[in-house]
Amino acid sequence: MSRKKMHLAAASATPYGASPYAWLEPGVDPHDYDNIHVLVRAAQAAERGMFDFLFLGDFLAQTQRSEAHAPNQTLEPTIVATAIALATERIGLVTTVSATFQEPYNIARVLKSLDVVSGGRMGWNAVTTSSPQAAANFGRAIEDRDTRYARADEVVQIVQALWGSWEEDAWIGDQQSRRITDLSKISPVNLRGTYVSSRGPLEIPPSKQGQPVMAHAGASPHSLAFAGRYADVLISEVFTIEEARHQRSAVRHAAESAGRSPDDVKFFVGVMPTIASTHAEALARRGKLIEPDIEQQVRHLGQLLGLPLGTIDLDAPLRADQLAVARANPGDPRSPRALEVAKEGWTVRQVLHHAVIDYHPSPIGPPEVIADHLQEWFEADAADGFWVIPGVIPEGMESFVDGVIPILQQRGLFRTEYEGETLRENLGIDHQYGLHRRTRTP
Ligand SMILES: Cc1cc2nc3c(=O)[nH]c(=O)nc-3n(C[C@H](O)[C@H](O)[C@H](O)COP(=O)(O)O)c2cc1C
């Protein structure tokens, strides 16, 4: 009997990897700051592992926090996606473009062009931007949530209408009759909203999958409702199975309220694995990426455990009297895990090396440990898929593909070949061209 399969995405950040300290690793060339070829190699590794897609985030402001800390991002993601699209054949590319600071005509044009160029492998991660530093780069201030999401609604609807403004059968290409297209099938959209408007049409034909897949990344109630209305994929940031199940059911419910099937939204959770042949080796590797932030992290650990840990001896375990009063902070889902690791008797430094402060679960150890983590979450209905965030690339991507993917395949949890050629086919998402019928005005 064939089992339900998980989906996998890989985060594509800088040419060093997702850790801001990856550039300090011995196997990494510090001059790769803007080297697109490293991103292409990591993408090719992910494609060898039959990942559904790469997830390219975007931050519209400075992200470097200190001279040792590399920026979260170095190159513009739609340009990165173009380069990767031309060097790969099957892997999808989900690219973030702000629905707060970009105009719908520009978004529609860039993403549909990329969808055509990539052979139907694009997705749009439509986010509302909430960073004041990003707003300052557009000479604007951040609006309240209601306004940002109301604009985003208009932007998505205009973008999708523009994508559909060249009808699927408008192409003729007949030299004899001198008709390149049927102009009656390429029509303006004439959409005017409160925040954005566009006339259209867009002179771009359908891609192999029609138009890009819709994704969204976020967690606020506004965000989940927005994902329920439009997203085929929701990219989340959750730390526990309970939190994931809660968010997944919230977005499935939001999809139903918007007149869709709950299964129309695929819920992706993050995971930051560190893979090595032994737990000790993986812990040392992970620890190196955490060490530059260790002083800050000790204070944070204190908050998670309800203990004042300002001037602690990093290289000793917590004392019995400290452990006796330590309590998992109910306001932070990372706390129970932090307390569990602290009680195992590790030194404070080693507790932090277990990545207990990271934003995503960080399984550490041989490939089986990572595969067990994914299987546990998947079988608990906490996720439809995972976005894997390698701390260091291309090494982190390659070790996942060579070590973890074969185990998932042996367990029947992951594909052994791509289902189709387009992102829509591989994710199992219904055909959509232009606006969804629910959002079309009669
Ligand atoms: C996992 C995850 C990834 C995200 N990636 C980005 C990103 O790359 N760029 C971006 O502008 N916003 C990104 N966001 C969205 C913002 O963090 C935030 O949700 C957005 O600014 C809207 O905030 P609000 O819904 O709380 O008002 C991401 C959110 C999550 C949960």
# chains A, B, ... in the order shown; residues from 1 in each chain; ligands from 1
>>> residues_around(residues="segment 193-205 of chain A", least_positions_apart="5", cutoff="6 Å", atoms="only C-alpha atoms", output="list in words")
Arg151, Leu162, Ser165, Trp166, Ser187 and Pro188 of chain A
>>> residues_near_ligand(ligand="ligand 1", cutoff="9 Å", atoms="only C-alpha atoms and all ligand atoms", output="ChimeraX atom specification")
/A:55-60,95-100,125-131,134,144-146,148-149,216-224,234-238,268-270
>>> write_last_selection(atoms="C-alpha atoms", output="PDB file, in the first residue's frame")
ATOM      1  CA  PHE A  55      12.357  28.775  -0.517  1.00  0.00           C
ATOM      2  CA  LEU A  56      13.973  32.155  -1.105  1.00  0.00           C
ATOM      3  CA  GLY A  57      13.211  34.711   1.611  1.00  0.00           C
ATOM      4  CA  ASP A  58      13.644  38.426   1.134  1.00  0.00           C
ATOM      5  CA  PHE A  59      14.437  41.202   3.564  1.00  0.00           C
ATOM      6  CA  LEU A  60      14.268  44.724   2.248  1.00  0.00           C
ATOM      7  CA  THR A  95      10.412  33.443  -4.108  1.00  0.00           C
ATOM      8  CA  THR A  96       9.387  36.097  -1.621  1.00  0.00           C
ATOM      9  CA  VAL A  97       8.109  39.398  -3.004  1.00  0.00           C
ATOM     10  CA  SER A  98       6.564  41.963  -0.665  1.00  0.00           C
ATOM     11  CA  ALA A  99       2.864  42.690  -1.164  1.00  0.00           C
ATOM     12  CA  THR A 100       3.411  45.835   0.941  1.00  0.00           C
ATOM     13  CA  ASN A 125       5.654  33.859  -1.326  1.00  0.00           C
ATOM     14  CA  ALA A 126       3.348  36.842  -0.855  1.00  0.00           C
ATOM     15  CA  VAL A 127       4.158  38.498   2.482  1.00  0.00           C
ATOM     16  CA  THR A 128       3.198  41.733   4.129  1.00  0.00           C
ATOM     17  CA  THR A 129       6.324  43.520   5.309  1.00  0.00           C
ATOM     18  CA  SER A 130       6.295  44.749   8.898  1.00  0.00           C
ATOM     19  CA  SER A 131       9.838  46.081   9.281  1.00  0.00           C
ATOM     20  CA  ALA A 134      12.289  48.203   5.152  1.00  0.00           C
ATOM     21  CA  ASP A 144      -1.195  48.857  10.797  1.00  0.00           C
ATOM     22  CA  ARG A 145      -1.982  45.186  10.161  1.00  0.00           C
ATOM     23  CA  ASP A 146      -5.493  45.778   8.812  1.00  0.00           C
ATOM     24  CA  ARG A 148      -1.180  45.946   5.212  1.00  0.00           C
ATOM     25  CA  TYR A 149      -3.402  42.904   4.735  1.00  0.00           C
ATOM     26  CA  HIS A 216       2.628  32.716   2.238  1.00  0.00           C
ATOM     27  CA  ALA A 217       4.885  32.887   5.306  1.00  0.00           C
ATOM     28  CA  GLY A 218       3.528  34.140   8.592  1.00  0.00           C
ATOM     29  CA  ALA A 219       1.832  33.307  11.853  1.00  0.00           C
ATOM     30  CA  SER A 220      -0.470  36.158  12.963  1.00  0.00           C
ATOM     31  CA  PRO A 221      -4.273  35.626  12.817  1.00  0.00           C
ATOM     32  CA  HIS A 222      -4.367  38.039   9.843  1.00  0.00           C
ATOM     33  CA  SER A 223      -1.653  36.012   8.196  1.00  0.00           C
ATOM     34  CA  LEU A 224      -3.404  32.654   8.659  1.00  0.00           C
ATOM     35  CA  LEU A 234       2.050  28.050   4.160  1.00  0.00           C
ATOM     36  CA  ILE A 235       5.606  28.429   5.429  1.00  0.00           C
ATOM     37  CA  SER A 236       5.612  28.479   9.214  1.00  0.00           C
ATOM     38  CA  GLU A 237       7.919  28.917  12.158  1.00  0.00           C
ATOM     39  CA  VAL A 238       6.946  26.587  14.993  1.00  0.00           C
ATOM     40  CA  PHE A 268       5.409  23.478   5.918  1.00  0.00           C
ATOM     41  CA  VAL A 269       7.392  23.603   9.161  1.00  0.00           C
ATOM     42  CA  GLY A 270      11.057  24.558   9.484  1.00  0.00           C
TER      43      GLY A 270
END
>>> residues_around(residues="Gly123 of chain A", least_positions_apart="6", cutoff="8 Å", atoms="only C-alpha atoms", output="VMD selection string")
chain A and resid 92 to 95 212 to 215 423
>>> write_last_selection(atoms="N, CA, C and O atoms", output="compact mmCIF listing (two decimals), in the first residue's frame")
# COMPACT_ATOMS: atom_id res chain seq x y z
N GLY A 92 11.29 23.23 -7.79
CA GLY A 92 10.52 24.47 -7.79
C GLY A 92 11.29 25.60 -7.11
O GLY A 92 12.26 25.37 -6.39
N LEU A 93 10.83 26.83 -7.34
CA LEU A 93 11.49 28.01 -6.78
C LEU A 93 10.42 28.94 -6.21
O LEU A 93 9.67 29.55 -6.98
N VAL A 94 10.33 28.98 -4.90
CA VAL A 94 9.31 29.84 -4.28
C VAL A 94 10.02 31.09 -3.76
O VAL A 94 10.86 31.02 -2.86
N THR A 95 9.67 32.20 -4.36
CA THR A 95 10.41 33.44 -4.11
C THR A 95 9.53 34.46 -3.39
O THR A 95 8.38 34.67 -3.77
N PRO A 212 2.24 30.97 -11.50
CA PRO A 212 2.93 30.52 -10.28
C PRO A 212 1.98 30.03 -9.19
O PRO A 212 0.84 30.48 -9.08
N VAL A 213 2.49 29.11 -8.40
CA VAL A 213 1.83 28.62 -7.19
C VAL A 213 1.86 29.75 -6.16
O VAL A 213 2.77 30.58 -6.18
N MET A 214 0.87 29.79 -5.26
CA MET A 214 0.86 30.84 -4.23
C MET A 214 1.35 30.29 -2.89
O MET A 214 0.87 29.25 -2.42
N ALA A 215 2.29 31.02 -2.28
CA ALA A 215 2.74 30.65 -0.93
C ALA A 215 2.60 31.87 -0.03
O ALA A 215 2.43 33.00 -0.50
N LEU A 423 6.01 22.63 -10.59
CA LEU A 423 5.86 22.70 -9.13
C LEU A 423 4.45 22.29 -8.73
O LEU A 423 4.24 21.56 -7.75
>>> atom_distance(atom1="atom CA of Lys266 of chain A", atom2="atom CA of Gly420 of chain A")
17.6 Å
>>> atom_distance(atom1="atom CA of Ile36 of chain A", atom2="atom CA of Ala9 of chain A")
19.3 Å
>>> select_by_dssp(residues="segment 19-178 of chain A", states="alpha helix (DSSP H)", output="MDAnalysis selection string")
chainID A and resid 36:48 77:87 104:117 132:136 145:163
>>> residues_around(residues="Val159 of chain A", least_positions_apart="6", cutoff="8 Å", atoms="only C-alpha atoms", output="ChimeraX atom specification")
/A:104-105,107-108
>>> write_last_selection(atoms="all heavy atoms", output="PDB file, in the first residue's frame")
ATOM      1  N   PRO A 104       1.556  45.669  -7.987  1.00  0.00           N
ATOM      2  CA  PRO A 104       1.104  44.399  -8.569  1.00  0.00           C
ATOM      3  C   PRO A 104       1.554  44.183 -10.015  1.00  0.00           C
ATOM      4  O   PRO A 104       1.854  43.054 -10.396  1.00  0.00           O
ATOM      5  CB  PRO A 104      -0.426  44.476  -8.468  1.00  0.00           C
ATOM      6  CG  PRO A 104      -0.767  45.855  -8.041  1.00  0.00           C
ATOM      7  CD  PRO A 104       0.452  46.461  -7.426  1.00  0.00           C
ATOM      8  N   TYR A 105       1.614  45.237 -10.815  1.00  0.00           N
ATOM      9  CA  TYR A 105       2.009  45.023 -12.218  1.00  0.00           C
ATOM     10  C   TYR A 105       3.442  44.484 -12.282  1.00  0.00           C
ATOM     11  O   TYR A 105       3.737  43.542 -13.039  1.00  0.00           O
ATOM     12  CB  TYR A 105       1.874  46.331 -13.022  1.00  0.00           C
ATOM     13  CG  TYR A 105       2.103  46.116 -14.496  1.00  0.00           C
ATOM     14  CD1 TYR A 105       1.086  45.620 -15.318  1.00  0.00           C
ATOM     15  CD2 TYR A 105       3.348  46.361 -15.074  1.00  0.00           C
ATOM     16  CE1 TYR A 105       1.306  45.386 -16.668  1.00  0.00           C
ATOM     17  CE2 TYR A 105       3.571  46.136 -16.423  1.00  0.00           C
ATOM     18  CZ  TYR A 105       2.547  45.650 -17.216  1.00  0.00           C
ATOM     19  OH  TYR A 105       2.760  45.408 -18.554  1.00  0.00           O
ATOM     20  N   ILE A 107       5.066  42.854  -9.906  1.00  0.00           N
ATOM     21  CA  ILE A 107       5.119  41.480  -9.353  1.00  0.00           C
ATOM     22  C   ILE A 107       4.620  40.491 -10.402  1.00  0.00           C
ATOM     23  O   ILE A 107       5.246  39.451 -10.667  1.00  0.00           O
ATOM     24  CB  ILE A 107       4.251  41.364  -8.073  1.00  0.00           C
ATOM     25  CG1 ILE A 107       4.752  42.312  -6.990  1.00  0.00           C
ATOM     26  CG2 ILE A 107       4.235  39.919  -7.569  1.00  0.00           C
ATOM     27  CD1 ILE A 107       3.860  42.362  -5.744  1.00  0.00           C
ATOM     28  N   ALA A 108       3.476  40.798 -11.009  1.00  0.00           N
ATOM     29  CA  ALA A 108       2.877  39.883 -11.986  1.00  0.00           C
ATOM     30  C   ALA A 108       3.843  39.631 -13.139  1.00  0.00           C
ATOM     31  O   ALA A 108       4.032  38.496 -13.583  1.00  0.00           O
ATOM     32  CB  ALA A 108       1.566  40.471 -12.504  1.00  0.00           C
TER      33      ALA A 108
END
>>> select_by_dssp(residues="segment 148-365 of chain A", states="strand (DSSP E or B)", output="VMD selection string")
chain A and resid 166 171 to 174 179 to 181 186 191 to 192 197 to 198 207 210 213 to 217 233 to 236 266 to 271 274 to 275 317 347 364 to 365
>>> write_last_selection(atoms="N, CA, C and O atoms", output="short mmCIF file (atom, residue, chain, number, x, y, z; two decimals), in the first residue's frame")
data_model
loop_
_atom_site.label_atom_id
_atom_site.label_comp_id
_atom_site.auth_asym_id
_atom_site.auth_seq_id
_atom_site.Cartn_x
_atom_site.Cartn_y
_atom_site.Cartn_z
N TRP A 166 -3.95 37.20 -20.35
CA TRP A 166 -3.66 36.55 -21.64
C TRP A 166 -4.30 35.16 -21.52
O TRP A 166 -3.83 34.34 -20.75
N TRP A 171 -2.71 32.21 -27.97
CA TRP A 171 -1.58 32.07 -28.91
C TRP A 171 -2.03 31.49 -30.25
O TRP A 171 -2.79 30.52 -30.28
N ILE A 172 -1.58 32.07 -31.39
CA ILE A 172 -1.86 31.50 -32.72
C ILE A 172 -0.54 31.17 -33.42
O ILE A 172 -0.28 30.05 -33.80
N GLY A 173 0.31 32.19 -33.61
CA GLY A 173 1.63 31.96 -34.20
C GLY A 173 1.57 31.46 -35.63
O GLY A 173 2.36 30.58 -36.02
N ASP A 174 0.62 31.97 -36.43
CA ASP A 174 0.45 31.49 -37.80
C ASP A 174 1.02 32.52 -38.78
O ASP A 174 0.44 33.60 -38.97
N ARG A 179 -1.21 36.14 -38.04
CA ARG A 179 -1.84 36.34 -36.73
C ARG A 179 -0.95 35.66 -35.68
O ARG A 179 -0.83 34.44 -35.66
N ILE A 180 -0.34 36.51 -34.85
CA ILE A 180 0.51 35.92 -33.80
C ILE A 180 -0.33 35.52 -32.60
O ILE A 180 -0.06 34.51 -31.94
N THR A 181 -1.36 36.33 -32.30
CA THR A 181 -2.27 35.98 -31.19
C THR A 181 -3.69 36.35 -31.58
O THR A 181 -3.91 37.12 -32.52
N ILE A 186 -6.87 38.64 -25.20
CA ILE A 186 -5.86 39.31 -24.36
C ILE A 186 -6.50 40.64 -23.96
O ILE A 186 -6.52 41.59 -24.74
N LEU A 191 -8.64 46.88 -12.97
CA LEU A 191 -8.99 46.73 -11.55
C LEU A 191 -8.50 47.95 -10.76
O LEU A 191 -7.34 48.36 -10.89
N ARG A 192 -9.41 48.51 -10.01
CA ARG A 192 -9.07 49.70 -9.21
C ARG A 192 -9.44 49.41 -7.76
O ARG A 192 -10.60 49.14 -7.45
N SER A 197 -3.97 49.73 -8.20
CA SER A 197 -4.81 49.56 -9.39
C SER A 197 -3.94 49.12 -10.55
O SER A 197 -2.73 49.34 -10.54
N SER A 198 -4.56 48.51 -11.54
CA SER A 198 -3.82 48.21 -12.76
C SER A 198 -4.79 48.02 -13.93
O SER A 198 -5.91 47.52 -13.74
N SER A 207 2.48 29.64 -18.53
CA SER A 207 3.69 28.80 -18.39
C SER A 207 3.23 27.35 -18.48
O SER A 207 2.04 27.07 -18.61
N GLY A 210 0.70 27.01 -16.06
CA GLY A 210 -0.29 28.08 -16.10
C GLY A 210 0.25 29.35 -15.49
O GLY A 210 0.67 30.29 -16.18
N VAL A 213 2.49 29.11 -8.40
CA VAL A 213 1.83 28.62 -7.19
C VAL A 213 1.86 29.75 -6.16
O VAL A 213 2.77 30.58 -6.18
N MET A 214 0.87 29.79 -5.26
CA MET A 214 0.86 30.84 -4.23
C MET A 214 1.35 30.29 -2.89
O MET A 214 0.87 29.25 -2.42
N ALA A 215 2.29 31.02 -2.28
CA ALA A 215 2.74 30.65 -0.93
C ALA A 215 2.60 31.87 -0.03
O ALA A 215 2.43 33.00 -0.50
N HIS A 216 2.65 31.62 1.27
CA HIS A 216 2.63 32.72 2.24
C HIS A 216 3.42 32.26 3.45
O HIS A 216 3.40 31.08 3.81
N ALA A 217 4.15 33.20 4.08
CA ALA A 217 4.88 32.89 5.31
C ALA A 217 4.41 33.83 6.39
O ALA A 217 4.43 35.04 6.19
N VAL A 233 0.60 26.98 -0.24
CA VAL A 233 1.66 26.55 0.67
C VAL A 233 1.76 27.58 1.79
O VAL A 233 1.81 28.78 1.51
N LEU A 234 1.78 27.13 3.05
CA LEU A 234 2.05 28.05 4.16
C LEU A 234 3.38 27.67 4.79
O LEU A 234 3.58 26.53 5.22
N ILE A 235 4.29 28.64 4.83
CA ILE A 235 5.61 28.43 5.43
C ILE A 235 5.53 28.94 6.86
O ILE A 235 5.23 30.12 7.08
N SER A 236 5.81 28.06 7.83
CA SER A 236 5.61 28.48 9.21
C SER A 236 6.90 28.40 10.02
O SER A 236 7.90 27.84 9.57
N LYS A 266 -0.94 23.41 1.90
CA LYS A 266 0.09 22.50 2.43
C LYS A 266 0.89 23.26 3.49
O LYS A 266 1.45 24.33 3.19
N PHE A 267 0.96 22.69 4.68
CA PHE A 267 1.58 23.36 5.82
C PHE A 267 3.03 22.88 5.98
O PHE A 267 3.27 21.70 6.23
N PHE A 268 3.98 23.81 5.83
CA PHE A 268 5.41 23.48 5.92
C PHE A 268 5.99 24.01 7.23
O PHE A 268 5.82 25.17 7.55
N VAL A 269 6.71 23.14 7.95
CA VAL A 269 7.39 23.60 9.16
C VAL A 269 8.91 23.56 8.95
O VAL A 269 9.42 22.73 8.19
N GLY A 270 9.60 24.46 9.65
CA GLY A 270 11.06 24.56 9.48
C GLY A 270 11.79 23.50 10.30
O GLY A 270 11.30 23.02 11.32
N VAL A 271 12.97 23.16 9.84
CA VAL A 271 13.86 22.27 10.60
C VAL A 271 15.30 22.63 10.25
O VAL A 271 15.62 22.87 9.10
N THR A 274 21.60 19.34 11.97
CA THR A 274 23.07 19.27 11.86
C THR A 274 23.42 17.79 11.83
O THR A 274 23.11 17.04 12.76
N ILE A 275 24.04 17.38 10.72
CA ILE A 275 24.25 15.96 10.47
C ILE A 275 25.74 15.62 10.59
O ILE A 275 26.59 16.31 10.03
N PRO A 317 27.59 22.26 34.57
CA PRO A 317 26.13 22.07 34.46
C PRO A 317 25.41 22.98 35.47
O PRO A 317 26.04 23.46 36.41
N THR A 347 26.81 20.75 30.29
CA THR A 347 27.22 22.08 30.77
C THR A 347 26.30 23.12 30.12
O THR A 347 25.64 22.82 29.11
N ILE A 364 19.99 17.01 15.93
CA ILE A 364 21.45 16.94 15.82
C ILE A 364 21.86 15.48 15.89
O ILE A 364 21.45 14.78 16.81
N GLY A 365 22.68 15.02 14.93
CA GLY A 365 23.18 13.65 15.02
C GLY A 365 23.29 12.98 13.66
O GLY A 365 23.26 13.64 12.62
#
>>> closest_residue(among="A:Gln102, A:Gln350, A:Ser184, A:Asn72", to="Leu283 of chain A", atoms="only C-alpha atoms")
A:Gln350
>>> residues_around(residues="segment 253-256 of chain A", least_positions_apart="2", cutoff="10 Å", atoms="only C-alpha atoms", output="ChimeraX atom specification")
/A:221,224-232,247-251,258-265
>>> closest_residue(among="A:Ala170, A:Ala342, A:Ile312, A:Thr416", to="Asp182 of chain A", atoms="only C-alpha atoms")
A:Ala170
>>> closest_residue(among="A:Met272, A:Met6, A:Ile142, A:Leu75", to="Gln375 of chain A", atoms="only C-alpha atoms")
A:Met6
>>> closest_residue(among="A:His7, A:Arg424, A:Lys185, A:Ser362", to="Asp384 of chain A", atoms="only C-alpha atoms")
A:His7
>>> residues_around(residues="Arg65 of chain A", least_positions_apart="3", cutoff="12 Å", atoms="only C-alpha atoms", output="PyMOL selection string")
chain A and resi 20-21+61-62+68-72+292-293
>>> closest_atom_pairs(of="segment 19-118 of chain A", to="segment 390-395 of chain A", cutoff="6 Å", atoms="only C-alpha atoms", output="JSON lines")
{"residue": "A:Ser19", "atom": "CA", "partner": "A:Gly391", "partner_atom": "CA", "distance": 4.7}
{"residue": "A:Ala22", "atom": "CA", "partner": "A:Val392", "partner_atom": "CA", "distance": 5.4}
{"residue": "A:Ala42", "atom": "CA", "partner": "A:Pro394", "partner_atom": "CA", "distance": 4.9}
>>> decode(residues="segment 94-108 of chain A", atoms="N, CA and C atoms", output="short mmCIF file (atom, residue, chain, number, x, y, z; two decimals), in the first residue's frame")
data_model
loop_
_atom_site.label_atom_id
_atom_site.label_comp_id
_atom_site.auth_asym_id
_atom_site.auth_seq_id
_atom_site.Cartn_x
_atom_site.Cartn_y
_atom_site.Cartn_z
N VAL A 94 10.33 28.98 -4.90
CA VAL A 94 9.31 29.84 -4.28
C VAL A 94 10.02 31.09 -3.76
N THR A 95 9.67 32.20 -4.36
CA THR A 95 10.41 33.44 -4.11
C THR A 95 9.53 34.46 -3.39
N THR A 96 10.11 35.09 -2.39
CA THR A 96 9.39 36.10 -1.62
C THR A 96 9.38 37.43 -2.36
N VAL A 97 8.20 38.02 -2.51
CA VAL A 97 8.11 39.40 -3.00
C VAL A 97 7.07 40.11 -2.14
N SER A 98 7.43 41.25 -1.61
CA SER A 98 6.56 41.96 -0.66
C SER A 98 5.28 42.48 -1.32
N ALA A 99 4.15 42.15 -0.69
CA ALA A 99 2.86 42.69 -1.16
C ALA A 99 2.60 44.05 -0.50
N THR A 100 3.56 44.53 0.28
CA THR A 100 3.41 45.84 0.94
C THR A 100 4.13 46.93 0.16
N PHE A 101 5.31 46.61 -0.36
CA PHE A 101 6.11 47.67 -1.00
C PHE A 101 6.27 47.53 -2.51
N GLN A 102 5.72 46.46 -3.10
CA GLN A 102 5.85 46.34 -4.55
C GLN A 102 4.49 46.56 -5.20
N GLU A 103 4.53 46.99 -6.45
CA GLU A 103 3.30 47.23 -7.22
C GLU A 103 2.86 45.93 -7.92
N PRO A 104 1.56 45.67 -7.99
CA PRO A 104 1.10 44.40 -8.57
C PRO A 104 1.55 44.18 -10.01
N TYR A 105 1.61 45.24 -10.81
CA TYR A 105 2.01 45.02 -12.22
C TYR A 105 3.44 44.48 -12.28
N ASN A 106 4.33 45.08 -11.46
CA ASN A 106 5.73 44.60 -11.45
C ASN A 106 5.81 43.15 -10.98
N ILE A 107 5.07 42.85 -9.91
CA ILE A 107 5.12 41.48 -9.35
C ILE A 107 4.62 40.49 -10.40
N ALA A 108 3.48 40.80 -11.01
CA ALA A 108 2.88 39.88 -11.99
C ALA A 108 3.84 39.63 -13.14
#
